[in-house]
$ cat entry22.cif   # mmCIF, C-alpha atoms
data_my_file
#
loop_
_atom_site.label_atom_id
_atom_site.label_comp_id
_atom_site.auth_asym_id
_atom_site.auth_seq_id
_atom_site.Cartn_x
_atom_site.Cartn_y
_atom_site.Cartn_z
CA MET M 18 0.00 0.00 0.00
CA HIS M 19 2.78 2.45 0.92
CA VAL M 20 4.50 1.81 -2.43
CA ILE M 21 1.31 2.47 -4.41
CA ASN M 22 0.60 5.66 -2.42
CA ALA M 23 4.13 6.92 -3.00
CA GLU M 24 3.88 6.32 -6.75
CA ILE M 25 0.51 8.12 -6.92
CA ILE M 26 1.84 11.14 -5.01
CA TYR M 27 4.94 11.25 -7.19
CA TYR M 28 2.87 11.02 -10.38
CA LEU M 29 0.33 13.70 -9.39
CA ASP M 30 2.99 16.13 -8.16
CA ARG M 31 5.03 15.64 -11.31
CA ALA M 32 1.96 16.16 -13.49
CA GLY M 33 1.06 19.33 -11.54
CA LYS M 34 -2.32 17.99 -10.45
CA ASN M 35 -4.05 18.35 -7.08
CA LEU M 36 -7.06 16.07 -6.64
CA LYS M 37 -9.68 17.21 -4.13
CA PRO M 38 -10.61 13.72 -2.81
CA PHE M 39 -6.98 13.31 -1.71
CA LYS M 40 -5.36 15.21 1.15
CA ASN M 41 -2.08 16.62 -0.18
CA ASN M 42 -2.43 14.17 -3.09
CA LEU M 43 -2.24 11.27 -0.62
CA PRO M 44 -4.84 8.55 -1.38
CA GLY M 45 -6.48 6.72 1.49
CA GLU M 46 -6.80 3.05 2.32
CA VAL M 47 -10.18 2.82 0.58
CA LEU M 48 -8.65 3.60 -2.84
CA TYR M 49 -6.00 0.95 -2.33
CA LYS M 50 -8.53 -1.74 -1.37
CA ASN M 51 -10.87 -0.85 -4.24
CA PHE M 52 -7.98 -0.91 -6.72
CA ILE M 53 -6.89 -4.39 -5.61
CA GLN M 54 -10.50 -5.64 -5.69
CA ARG M 55 -11.14 -4.32 -9.21
CA HIS M 56 -8.01 -6.00 -10.58
CA ASN M 57 -7.94 -9.16 -8.45
CA LYS M 58 -7.88 -11.37 -11.55
CA ALA M 59 -4.71 -9.75 -12.87
CA LEU M 60 -2.91 -8.66 -9.69
CA LYS M 61 -1.89 -10.29 -6.42
CA ILE M 62 0.28 -9.35 -3.46
CA ARG M 63 3.59 -11.17 -2.94
CA HIS M 64 6.81 -10.56 -1.01
CA GLY M 65 9.28 -8.93 -3.38
CA GLN M 66 12.88 -10.13 -3.58
CA ASN M 67 15.36 -7.27 -3.32
CA ILE M 68 17.78 -7.07 -6.22
CA LYS M 69 20.31 -4.38 -7.07
CA ARG M 70 19.39 -1.75 -9.63
CA SER M 71 22.25 -2.96 -11.85
CA LEU M 72 20.62 -6.41 -11.97
CA ALA M 73 17.21 -4.94 -12.71
CA ALA M 74 18.68 -2.93 -15.60
CA VAL M 75 19.49 -6.00 -17.74
CA SER M 76 17.63 -5.35 -20.98
CA ARG M 77 15.89 -7.61 -23.47
CA THR M 78 18.34 -6.42 -26.14
CA VAL M 79 21.30 -7.69 -24.08
CA VAL M 80 19.62 -11.04 -23.46
CA ASN M 81 18.70 -11.50 -27.13
CA GLU M 82 22.26 -10.72 -28.25
CA TYR M 83 23.57 -13.19 -25.67
CA PHE M 84 21.35 -16.00 -26.95
CA ASP M 85 22.17 -15.17 -30.59
CA ASN M 86 25.83 -15.81 -29.78
CA LEU M 87 25.11 -18.72 -27.43
CA GLU M 88 23.19 -20.65 -30.11
CA ILE M 89 26.30 -20.55 -32.31
CA SER M 90 28.71 -21.40 -29.47
CA LEU M 91 26.68 -24.40 -28.22
CA SER M 92 25.90 -25.85 -31.63
CA GLY M 93 26.68 -29.57 -31.59
CA ILE M 94 27.85 -29.60 -27.94
CA PRO M 95 26.41 -32.52 -25.87
CA PRO M 96 24.98 -31.65 -22.41
CA GLN M 97 27.72 -33.46 -20.47
CA ASN M 98 30.30 -31.20 -22.18
CA ILE M 99 28.74 -27.97 -20.84
CA ILE M 100 29.93 -26.72 -17.43
CA ASN M 101 28.67 -23.83 -15.34
CA TYR M 102 30.75 -22.56 -12.41
CA ASP M 103 30.23 -20.04 -9.63
CA GLU M 104 31.56 -19.33 -6.15
CA THR M 105 29.42 -18.79 -3.07
CA ASN M 106 29.86 -18.20 0.66
CA PHE M 107 29.01 -20.52 3.55
CA VAL M 108 28.40 -18.25 6.53
CA ASP M 109 28.72 -19.10 10.21
CA ASP M 110 25.11 -18.12 10.92
CA PRO M 111 22.25 -20.65 10.90
CA GLY M 112 19.63 -17.90 10.84
CA ARG M 113 16.62 -17.40 13.07
CA ILE M 114 14.43 -20.27 14.21
CA LYS M 115 10.98 -20.43 15.77
CA VAL M 116 10.89 -20.89 19.56
CA LEU M 117 8.05 -21.51 22.02
CA VAL M 118 7.51 -18.66 24.51
CA ARG M 119 4.78 -17.28 26.75
CA LYS M 120 2.23 -14.97 25.15
CA THR M 121 3.34 -12.17 27.45
CA SER M 122 6.97 -12.40 26.30
CA LYS M 123 8.11 -9.42 24.26
CA HIS M 124 11.39 -10.95 23.17
CA ALA M 125 12.14 -14.47 21.94
CA ASP M 126 15.81 -15.34 22.33
CA ASN M 127 17.59 -18.40 21.04
CA ILE M 128 21.00 -19.14 22.55
CA MET M 129 23.35 -19.95 19.68
CA ASP M 130 26.74 -18.47 18.81
CA SER M 131 27.13 -17.04 15.32
CA THR M 132 29.46 -14.69 13.47
CA LYS M 133 29.72 -12.94 10.11
CA SER M 134 32.69 -15.07 9.05
CA ALA M 135 32.33 -17.06 5.83
CA THR M 136 34.17 -19.62 3.72
CA SER M 137 34.28 -19.30 -0.06
CA VAL M 138 33.49 -22.39 -2.14
CA MET M 139 33.67 -22.85 -5.92
CA PHE M 140 30.99 -25.10 -7.40
CA SER M 141 30.88 -26.43 -10.95
CA VAL M 142 28.19 -28.59 -12.55
CA ASP M 143 27.55 -30.04 -16.01
CA ASP M 144 24.30 -30.17 -17.95
CA ALA M 145 24.02 -33.94 -17.44
CA GLY M 146 23.39 -33.34 -13.72
CA SER M 147 26.87 -34.10 -12.34
CA MET M 148 28.75 -31.99 -9.79
CA LEU M 149 32.50 -31.65 -10.26
CA PRO M 150 34.91 -31.72 -7.28
CA ILE M 151 34.45 -28.74 -4.97
CA TYR M 152 37.19 -26.14 -4.39
CA VAL M 153 37.29 -24.50 -0.93
CA VAL M 154 39.18 -21.29 -0.14
CA TYR M 155 39.76 -20.46 3.53
CA LYS M 156 40.52 -17.00 4.87
CA SER M 157 44.00 -17.60 6.22
CA THR M 158 47.68 -17.22 5.44
CA GLN M 159 48.35 -20.90 6.23
CA LEU M 160 46.68 -24.17 5.21
CA TRP M 161 46.66 -27.07 7.70
CA ASP M 162 46.11 -30.71 6.77
CA SER M 163 43.22 -31.00 9.27
CA TRP M 164 41.26 -28.50 7.12
CA THR M 165 41.42 -30.80 4.09
CA THR M 166 40.19 -34.14 5.49
CA GLU M 167 36.73 -35.72 5.88
CA GLY M 168 35.27 -33.42 3.23
CA PRO M 169 33.35 -34.13 0.01
CA GLU M 170 34.94 -36.60 -2.40
CA LYS M 171 37.99 -35.20 -4.25
CA CYS M 172 37.45 -31.80 -2.59
CA ARG M 173 40.39 -29.42 -3.02
CA SER M 174 41.37 -26.74 -0.51
CA ASN M 175 43.39 -23.53 -0.57
CA ARG M 176 43.71 -20.26 1.33
CA THR M 177 44.04 -16.51 0.75
CA PRO M 178 44.33 -13.61 3.23
CA SER M 179 41.02 -12.23 1.94
CA GLY M 180 39.19 -15.56 1.69
CA TRP M 181 38.23 -14.83 -1.94
CA PHE M 182 39.33 -16.25 -5.27
CA ASN M 183 41.96 -14.34 -7.21
CA LYS M 184 43.35 -15.00 -10.68
CA SER M 185 46.03 -17.40 -9.44
CA PHE M 186 43.59 -19.61 -7.51
CA PHE M 187 41.08 -19.52 -10.35
CA GLU M 188 43.80 -20.89 -12.62
CA ASP M 189 44.53 -23.61 -10.07
CA TRP M 190 40.84 -24.54 -9.92
CA PHE M 191 40.67 -24.64 -13.73
CA ILE M 192 43.78 -26.85 -14.00
CA THR M 193 42.96 -29.26 -11.17
CA VAL M 194 39.17 -29.57 -11.58
CA VAL M 195 37.99 -28.59 -15.07
CA ILE M 196 40.83 -29.96 -17.22
CA PRO M 197 40.86 -33.49 -15.66
CA HIS M 198 37.08 -33.68 -16.01
CA PHE M 199 37.10 -32.64 -19.68
CA ARG M 200 40.00 -34.92 -20.66
CA ARG M 201 37.67 -37.91 -20.19
CA LEU M 202 35.22 -36.49 -22.73
CA GLU M 203 35.37 -36.34 -26.52
CA GLY M 204 34.52 -33.40 -28.76
CA ASN M 205 34.31 -29.69 -28.03
CA LYS M 206 33.59 -28.49 -24.49
CA VAL M 207 32.11 -25.32 -23.01
CA VAL M 208 32.66 -23.47 -19.72
CA ILE M 209 30.09 -20.80 -18.81
CA GLY M 210 30.54 -18.28 -15.99
CA ASN M 211 30.75 -14.71 -14.72
CA ASN M 212 32.34 -11.90 -16.69
CA LEU M 213 35.04 -11.04 -14.14
CA ALA M 214 38.68 -10.19 -14.83
CA SER M 215 39.79 -12.54 -12.03
CA HIS M 216 38.15 -15.41 -13.94
CA MET M 217 40.33 -15.11 -17.03
CA SER M 218 44.02 -15.12 -17.90
CA MET M 219 46.28 -15.87 -20.85
CA LYS M 220 47.15 -19.20 -19.25
CA ILE M 221 43.49 -20.27 -19.16
CA ILE M 222 43.03 -19.17 -22.78
CA GLN M 223 45.98 -21.33 -23.80
CA LEU M 224 44.59 -24.32 -21.88
CA CYS M 225 41.23 -23.84 -23.59
CA LYS M 226 42.93 -23.95 -27.00
CA GLU M 227 44.86 -27.10 -26.15
CA ASN M 228 41.78 -28.94 -24.83
CA ASP M 229 39.07 -27.78 -27.31
CA ILE M 230 37.28 -25.71 -24.66
CA LYS M 231 35.13 -22.66 -25.34
CA PHE M 232 35.10 -20.19 -22.43
CA ILE M 233 31.84 -18.21 -22.47
CA PHE M 234 30.92 -15.19 -20.35
CA LEU M 235 27.37 -14.52 -19.18
CA PRO M 236 25.90 -11.02 -19.73
CA PRO M 237 27.04 -8.59 -17.01
CA ASN M 238 24.71 -8.33 -13.97
CA SER M 239 22.48 -11.14 -15.22
CA THR M 240 23.53 -14.17 -13.15
CA HIS M 241 20.27 -14.09 -11.14
CA SER M 242 18.46 -15.20 -14.31
CA THR M 243 21.15 -16.71 -16.61
CA GLN M 244 23.37 -18.72 -14.23
CA PRO M 245 22.12 -22.30 -13.55
CA LEU M 246 23.83 -22.51 -10.15
CA ASP M 247 22.24 -19.25 -8.99
CA VAL M 248 18.79 -20.10 -10.30
CA SER M 249 18.20 -23.60 -8.90
CA CYS M 250 21.20 -24.98 -6.99
CA PHE M 251 22.49 -22.54 -4.41
CA MET M 252 19.18 -22.00 -2.61
CA PRO M 253 18.65 -25.71 -1.73
CA ILE M 254 22.33 -25.97 -0.73
CA LYS M 255 22.07 -22.95 1.61
CA ILE M 256 18.86 -24.28 3.20
CA ALA M 257 20.52 -27.66 3.83
CA TRP M 258 23.62 -25.88 5.19
CA ARG M 259 21.58 -23.92 7.74
CA LYS M 260 19.94 -27.14 8.97
CA VAL M 261 23.32 -28.85 9.39
CA LEU M 262 24.70 -25.75 11.11
CA LYS M 263 21.80 -25.58 13.58
CA ALA M 264 22.31 -29.21 14.57
CA TYR M 265 26.05 -28.66 14.94
CA LYS M 266 25.74 -25.50 17.06
CA ARG M 267 22.93 -26.71 19.28
CA PHE M 268 25.22 -27.98 22.05
CA ARG M 269 28.47 -26.24 21.04
CA ARG M 270 29.94 -22.86 21.86
CA GLY M 271 31.83 -20.53 19.57
CA THR M 272 32.23 -20.43 15.80
CA ILE M 273 32.88 -23.22 13.32
CA GLN M 274 36.45 -24.41 13.50
CA LYS M 275 38.05 -24.77 10.07
CA GLU M 276 38.87 -28.43 10.72
CA ASN M 277 35.12 -29.10 11.12
CA PHE M 278 34.06 -27.26 7.95
CA PRO M 279 34.82 -30.09 5.44
CA ARG M 280 32.76 -32.58 7.45
CA LEU M 281 29.79 -30.18 7.71
CA LEU M 282 30.00 -29.37 3.99
CA LYS M 283 30.05 -33.08 3.13
CA LYS M 284 26.97 -33.72 5.27
CA THR M 285 25.16 -30.81 3.62
CA LEU M 286 25.72 -32.20 0.13
CA GLU M 287 24.84 -35.75 1.22
CA ASN M 288 21.45 -34.48 2.39
CA LEU M 289 20.85 -33.20 -1.16
CA SER M 290 22.11 -36.26 -3.03
CA VAL M 291 18.59 -37.39 -3.97
CA SER M 292 17.55 -34.08 -5.57
CA GLN M 293 20.97 -32.95 -6.81
CA ILE M 294 20.68 -34.18 -10.42
CA THR M 295 17.14 -32.80 -10.74
CA ASN M 296 18.17 -29.37 -9.39
CA ILE M 297 21.19 -29.10 -11.70
CA LYS M 298 19.26 -30.05 -14.84
CA ALA M 299 16.44 -27.70 -13.84
CA GLY M 300 18.96 -24.86 -13.59
CA PHE M 301 20.24 -25.33 -17.15
CA GLU M 302 16.67 -25.57 -18.44
CA ALA M 303 15.40 -22.54 -16.47
CA THR M 304 18.23 -20.37 -17.82
CA GLY M 305 17.56 -21.43 -21.41
CA ILE M 306 21.04 -22.95 -21.90
CA TYR M 307 19.95 -26.52 -22.59
CA PRO M 308 17.78 -26.90 -24.46
CA ILE M 309 18.37 -23.44 -25.93
CA ASP M 310 15.32 -21.29 -25.18
CA ARG M 311 15.72 -17.54 -24.74
CA GLU M 312 12.09 -17.15 -23.68
CA LYS M 313 12.96 -18.77 -20.33
CA VAL M 314 14.95 -15.63 -19.50
CA LEU M 315 13.00 -13.04 -21.49
CA LYS M 316 9.72 -13.83 -19.72
CA ARG M 317 11.35 -12.79 -16.44
CA LEU M 318 12.17 -9.33 -17.77
CA PRO M 319 9.71 -6.42 -18.00
CA VAL M 320 8.69 -4.85 -21.31
CA GLU M 321 11.02 -1.86 -21.51
CA ASP M 322 8.88 0.34 -23.73
CA LEU M 323 5.26 -0.66 -23.28
CA ILE M 324 3.83 2.34 -25.14
CA SER M 325 5.92 1.89 -28.30
CA ILE M 326 5.07 -1.83 -28.45
CA ASN M 327 1.35 -1.38 -27.89
CA SER M 328 -0.20 1.93 -28.95
CA SER M 329 -3.33 1.25 -26.90
CA ALA M 330 -1.20 0.96 -23.76
CA SER M 331 -1.15 4.76 -23.44
CA ILE M 332 -4.86 4.57 -22.63
CA ILE M 333 -4.15 2.23 -19.70
CA VAL M 334 -0.75 3.58 -18.65
CA PRO M 335 -0.23 7.34 -19.17
CA GLU M 336 3.20 8.18 -20.56
CA ALA M 337 4.19 10.14 -17.44
CA LEU M 338 3.39 7.16 -15.19
CA HIS M 339 5.13 4.79 -17.58
CA ASN M 340 8.31 6.91 -17.37
CA ILE M 341 8.16 6.85 -13.56
CA ILE M 342 7.89 3.05 -13.52
CA LYS M 343 10.73 2.74 -16.02
CA GLU M 344 12.91 5.15 -14.02
CA THR M 345 12.20 3.20 -10.82
CA ARG M 346 13.54 -0.01 -12.38
CA PHE M 347 16.36 1.20 -14.60
CA GLY M 348 17.41 4.36 -12.70
CA LYS M 349 18.35 7.77 -14.07
CA VAL M 350 20.75 7.97 -16.99
CA SER M 351 23.01 10.38 -15.10
CA GLU M 352 23.52 7.99 -12.18
CA LYS M 353 26.97 6.37 -12.04
CA VAL M 354 27.43 2.93 -10.48
CA ASN M 355 30.83 1.64 -9.36
CA LYS M 356 31.41 -1.81 -10.79
CA ARG M 357 34.05 -4.49 -10.45
CA LYS M 358 36.38 -4.84 -13.42
CA LYS M 359 34.81 -6.77 -16.28
CA TYR M 360 35.85 -7.59 -19.80
CA ASN M 361 34.02 -5.89 -22.65
CA ILE M 362 33.39 -9.16 -24.47
CA LYS M 363 30.10 -10.15 -26.07
CA ALA M 364 28.12 -12.49 -23.83
CA GLY M 365 27.64 -15.96 -25.29
CA CYS M 366 30.80 -15.78 -27.44
CA SER M 367 33.88 -17.90 -26.83
CA VAL M 368 36.69 -15.86 -25.23
CA THR M 369 39.85 -15.70 -27.36
CA GLU M 370 43.40 -14.49 -26.84
CA GLU M 371 42.78 -11.57 -29.18
CA SER M 372 39.64 -10.45 -27.32
CA ILE M 373 41.48 -10.35 -23.98
CA LEU M 374 44.36 -8.37 -25.46
CA PHE M 375 41.98 -5.97 -27.23
CA ASN M 376 40.16 -5.26 -23.98
CA ASN M 377 43.39 -4.60 -22.09
CA GLU M 378 45.12 -2.86 -25.03
CA TYR M 379 48.48 -4.57 -24.60
CA THR M 380 50.51 -7.27 -26.30
CA ILE M 381 50.98 -10.95 -25.50
CA GLU M 382 54.43 -10.20 -24.05
CA ASP M 383 52.90 -7.57 -21.73
CA ALA M 384 50.28 -10.09 -20.61
CA ILE M 385 52.92 -12.71 -19.79
CA ASN M 386 55.02 -10.15 -17.89
CA THR M 387 51.98 -8.99 -15.92
CA ASN M 388 51.09 -12.58 -15.04
CA THR M 389 54.67 -13.19 -13.82
CA LYS M 390 54.64 -10.06 -11.63
CA GLU M 391 51.32 -11.11 -10.05
CA LYS M 392 52.73 -14.51 -9.10
CA LYS M 393 55.85 -12.92 -7.57
CA LYS M 394 53.68 -10.62 -5.42
CA GLU M 395 51.61 -13.59 -4.20
CA LYS M 396 54.78 -15.47 -3.21
#

$ encode --input "entry22.cif" --output "structure tokens"
Amino acid sequence: MHVINAEIIYYLDRAGKNLKPFKNNLPGEVLYKNFIQRHNKALKIRHGQNIKRSLAAVSRTVVNEYFDNLEISLSGIPPQNIINYDETNFVDDPGRIKVLVRKTSKHADNIMDSTKSATSVMFSVDDAGSMLPIYVVYKSTQLWDSWTTEGPEKCRSNRTPSGWFNKSFFEDWFITVVIPHFRRLEGNKVVIGNNLASHMSMKIIQLCKENDIKFIFLPPNSTHSTQPLDVSCFMPIKIAWRKVLKAYKRFRRGTIQKENFPRLLKKTLENLSVSQITNIKAGFEATGIYPIDREKVLKRLPVEDLISINSSASIIVPEALHNIIKETRFGKVSEKVNKRKKYNIKAGCSVTEESILFNNEYTIEDAINTNTKEKKKEK
């Protein structure tokens, strides 16, 4: 109701109108209820999921261009040769739970230690429903053997001071997880993931050439609708993780010790073993990757220019109100948003050596020298 009232006030003030039934152009509760009742066949009330404005600004033009390129890149590629990867955090917080209290109680407390600390994990899945070995990165300057045992099968572990993946560890993941998996398969292969500079290097490009792998970037700020892992896999995993964490913390004090993390992660994935294949395949289908279907993504996007598409829409939605709605979703043109470094490469196209060099405007020798300097700094 508050959102609708705010939009009405904004529209009337912008149009220079002052309606007498409204006090200071503020509609009452009766208008809101009547509006919902009149349009109950077309409208309903739901909890909205908060997404950043940059994510909401992904246009139909960008998505269509992505699928135009993707159709060419995936032509003749079998589902088991298509991999999607993404990293996510496992936090040391099981979330709130329901507790039984007296009716007169104003506060409901649940005694359970939790922190904001998190462990970064790289997941990768193929379109046949298989999950590749997991890659865990701890926030630490040292890596102890007790942190690497009793975890998921073939799980690999590493550490960084920040706890996040950098270019060097992404290369290590690619060499130790992706390459061994693809060497068992025949024909061309595809890796699909985020358009981040830390997810690409000259070394990875060379490995892709040697192993018939196409490295494809998703459209910027679109992973909430184009990334299989984001769409259908991470949510069930996080729900299962919170359940395992609650059981673990019930009779224990303090935070998760790093030597216990592999065992808890293994138990989380074991609890999802029955639905894992279904969730993975559903993610590739829901994002229109396999089978190729751009409408799976397009139907989740709003019509950017309703009036130009349907001339009769101006009768239903005045142009001034349409502009307000459009501005609310896509933001003002003058607004500047700080973004992480990304490559200016067409989404859906295979990344090549030339495209990386073109985006960075330097030569192959410069790229090799830069890569060498980065490794020396890390050492």

$ resolve_selection --input "entry22.cif" --expression "the PyMOL selection byres ((chain M and resi 93) around 12)" --output "list in words"
Leu87, Glu88, Ile89, Ser90, Leu91, Ser92, Ile94, Pro95, Pro96, Gln97, Asn98, Ile99, Gly204, Asn205, Lys206, Val207, Tyr307, Pro308 and Ile309 of chain M

$ write_last_selection --input "entry22.cif" --atoms "C-alpha atoms" --output "CSV table (one decimal), in the frame of the given file"
chain,number,residue,atom,x,y,z
M,87,LEU,CA,25.1,-18.7,-27.4
M,88,GLU,CA,23.2,-20.6,-30.1
M,89,ILE,CA,26.3,-20.6,-32.3
M,90,SER,CA,28.7,-21.4,-29.5
M,91,LEU,CA,26.7,-24.4,-28.2
M,92,SER,CA,25.9,-25.8,-31.6
M,94,ILE,CA,27.8,-29.6,-27.9
M,95,PRO,CA,26.4,-32.5,-25.9
M,96,PRO,CA,25.0,-31.6,-22.4
M,97,GLN,CA,27.7,-33.5,-20.5
M,98,ASN,CA,30.3,-31.2,-22.2
M,99,ILE,CA,28.7,-28.0,-20.8
M,204,GLY,CA,34.5,-33.4,-28.8
M,205,ASN,CA,34.3,-29.7,-28.0
M,206,LYS,CA,33.6,-28.5,-24.5
M,207,VAL,CA,32.1,-25.3,-23.0
M,307,TYR,CA,20.0,-26.5,-22.6
M,308,PRO,CA,17.8,-26.9,-24.5
M,309,ILE,CA,18.4,-23.4,-25.9

$ closest_residue --input "entry22.cif" --among "M:Lys40, M:Arg176, M:Lys171, M:His64" --to "Val194 of chain M" --atoms "only C-alpha atoms"
M:Lys171

$ residues_around --input "entry22.cif" --residues "Thr240 of chain M" --least-positions-apart "5" --cutoff "8 Å" --atoms "only C-alpha atoms" --output "ChimeraX atom specification"
/M:211,235,247

$ resolve_selection --input "entry22.cif" --expression "the PyMOL selection byres ((chain M and resi 224) around 12)" --output "ChimeraX atom specification"
/M:188-189,191-193,195-197,199-200,217-223,225-232,369-370

$ resolve_selection --input "entry22.cif" --expression "the PyMOL selection byres ((chain M and resi 109) around 8)" --output "tab-separated table (two decimals) with C-alpha atoms, in the coordinates of the input"
chain	number	residue	atom	x	y	z
M	107	PHE	CA	29.01	-20.52	3.55
M	108	VAL	CA	28.40	-18.25	6.53
M	110	ASP	CA	25.11	-18.12	10.92
M	111	PRO	CA	22.25	-20.65	10.90
M	131	SER	CA	27.13	-17.04	15.32
M	132	THR	CA	29.46	-14.69	13.47
M	133	LYS	CA	29.72	-12.94	10.11
M	134	SER	CA	32.69	-15.07	9.05
M	135	ALA	CA	32.33	-17.06	5.83
M	262	LEU	CA	24.70	-25.75	11.11
M	272	THR	CA	32.23	-20.43	15.80
M	273	ILE	CA	32.88	-23.22	13.32

$ atom_distance --input "entry22.cif" --atom1 "atom CA of Glu170 of chain M" --atom2 "atom CA of Pro279 of chain M"
10.2 Å

$ closest_residue --input "entry22.cif" --among "M:Lys275, M:Arg317, M:His198, M:Lys184" --to "Gln159 of chain M" --atoms "all atoms listed in the file"
M:Lys275

$ closest_residue --input "entry22.cif" --among "M:Val208, M:Ala303, M:Ile26, M:Ala264" --to "Met129 of chain M" --atoms "all atoms listed in the file"
M:Ala264

$ atom_distance --input "entry22.cif" --atom1 "atom CA of Trp181 of chain M" --atom2 "atom CA of Arg280 of chain M"
20.8 Å

$ atom_distance --input "entry22.cif" --atom1 "atom CA of Ser239 of chain M" --atom2 "atom CA of Ala74 of chain M"
9.1 Å

$ residues_near_point --input "entry22.cif" --point "(21.3, -33.1, -15.3)" --cutoff "6 Å" --atoms "all atoms listed in the file" --output "PyMOL selection string"
chain M and resi 144-146+294+297-298

$ axis_aligned_box --input "entry22.cif" --around "segment 216-230 of chain M" --padding-each-side "6 Å" --output "JSON"
{"center_x": 42.2, "center_y": -22.0, "center_z": -20.6, "size_x": 21.9, "size_y": 25.8, "size_z": 25.4}

$ closest_residue --input "entry22.cif" --among "M:Pro319, M:Gly168, M:Gly365, M:Gly271" --to "Pro237 of chain M" --atoms "only C-alpha atoms"
M:Gly365

$ residues_around --input "entry22.cif" --residues "Leu286 of chain M" --least-positions-apart "2" --cutoff "9 Å" --atoms "only C-alpha atoms" --output "VMD selection string"
chain M and resid 169 254 257 to 258 281 to 284 288 to 290 293

$ residues_around --input "entry22.cif" --residues "segment 137-141 of chain M" --least-positions-apart "3" --cutoff "10 Å" --atoms "all atoms listed in the file" --output "mmCIF file with C-alpha atoms, in the frame of the given file"
data_model
loop_
_atom_site.group_PDB
_atom_site.id
_atom_site.type_symbol
_atom_site.label_atom_id
_atom_site.label_comp_id
_atom_site.auth_asym_id
_atom_site.auth_seq_id
_atom_site.Cartn_x
_atom_site.Cartn_y
_atom_site.Cartn_z
ATOM 1 C CA ILE M 100 29.930 -26.720 -17.430
ATOM 2 C CA ASN M 101 28.670 -23.830 -15.340
ATOM 3 C CA TYR M 102 30.750 -22.560 -12.410
ATOM 4 C CA ASP M 103 30.230 -20.040 -9.630
ATOM 5 C CA GLU M 104 31.560 -19.330 -6.150
ATOM 6 C CA THR M 105 29.420 -18.790 -3.070
ATOM 7 C CA ASN M 106 29.860 -18.200 0.660
ATOM 8 C CA PHE M 107 29.010 -20.520 3.550
ATOM 9 C CA VAL M 108 28.400 -18.250 6.530
ATOM 10 C CA SER M 147 26.870 -34.100 -12.340
ATOM 11 C CA MET M 148 28.750 -31.990 -9.790
ATOM 12 C CA LEU M 149 32.500 -31.650 -10.260
ATOM 13 C CA PRO M 150 34.910 -31.720 -7.280
ATOM 14 C CA ILE M 151 34.450 -28.740 -4.970
ATOM 15 C CA TYR M 152 37.190 -26.140 -4.390
ATOM 16 C CA VAL M 153 37.290 -24.500 -0.930
ATOM 17 C CA VAL M 154 39.180 -21.290 -0.140
ATOM 18 C CA TYR M 155 39.760 -20.460 3.530
ATOM 19 C CA LYS M 156 40.520 -17.000 4.870
ATOM 20 C CA ARG M 173 40.390 -29.420 -3.020
ATOM 21 C CA SER M 174 41.370 -26.740 -0.510
ATOM 22 C CA ARG M 176 43.710 -20.260 1.330
ATOM 23 C CA SER M 179 41.020 -12.230 1.940
ATOM 24 C CA GLY M 180 39.190 -15.560 1.690
ATOM 25 C CA TRP M 181 38.230 -14.830 -1.940
ATOM 26 C CA PHE M 182 39.330 -16.250 -5.270
ATOM 27 C CA PHE M 187 41.080 -19.520 -10.350
ATOM 28 C CA TRP M 190 40.840 -24.540 -9.920
ATOM 29 C CA VAL M 194 39.170 -29.570 -11.580
ATOM 30 C CA VAL M 195 37.990 -28.590 -15.070
ATOM 31 C CA VAL M 208 32.660 -23.470 -19.720
ATOM 32 C CA ILE M 209 30.090 -20.800 -18.810
ATOM 33 C CA GLY M 210 30.540 -18.280 -15.990
ATOM 34 C CA LEU M 246 23.830 -22.510 -10.150
ATOM 35 C CA CYS M 250 21.200 -24.980 -6.990
ATOM 36 C CA PHE M 251 22.490 -22.540 -4.410
ATOM 37 C CA LEU M 282 30.000 -29.370 3.990
#

$ closest_residue --input "entry22.cif" --among "M:Phe84, M:Gln66, M:Ser71, M:Leu43" --to "Asn238 of chain M" --atoms "only C-alpha atoms"
M:Ser71

$ decode --input "entry22.cif" --residues "segment 277-282 of chain M" --atoms "N, CA, C and O atoms" --output "short mmCIF file (atom, residue, chain, number, x, y, z; two decimals), in the first residue's frame"
data_model
loop_
_atom_site.label_atom_id
_atom_site.label_comp_id
_atom_site.auth_asym_id
_atom_site.auth_seq_id
_atom_site.Cartn_x
_atom_site.Cartn_y
_atom_site.Cartn_z
N ASN M 277 36.45 -28.50 11.14
CA ASN M 277 35.12 -29.10 11.12
C ASN M 277 34.34 -28.75 9.85
O ASN M 277 33.34 -29.39 9.54
N PHE M 278 34.80 -27.71 9.13
CA PHE M 278 34.06 -27.26 7.95
C PHE M 278 33.92 -28.33 6.88
O PHE M 278 32.81 -28.52 6.34
N PRO M 279 34.98 -29.07 6.50
CA PRO M 279 34.82 -30.09 5.44
C PRO M 279 33.77 -31.13 5.78
O PRO M 279 32.99 -31.54 4.92
N ARG M 280 33.73 -31.56 7.04
CA ARG M 280 32.76 -32.58 7.45
C ARG M 280 31.33 -32.04 7.37
O ARG M 280 30.42 -32.75 6.92
N LEU M 281 31.12 -30.79 7.77
CA LEU M 281 29.79 -30.18 7.71
C LEU M 281 29.35 -29.97 6.25
O LEU M 281 28.18 -30.15 5.90
N LEU M 282 30.30 -29.57 5.41
CA LEU M 282 30.00 -29.37 3.99
C LEU M 282 29.62 -30.70 3.33
O LEU M 282 28.68 -30.77 2.53
#
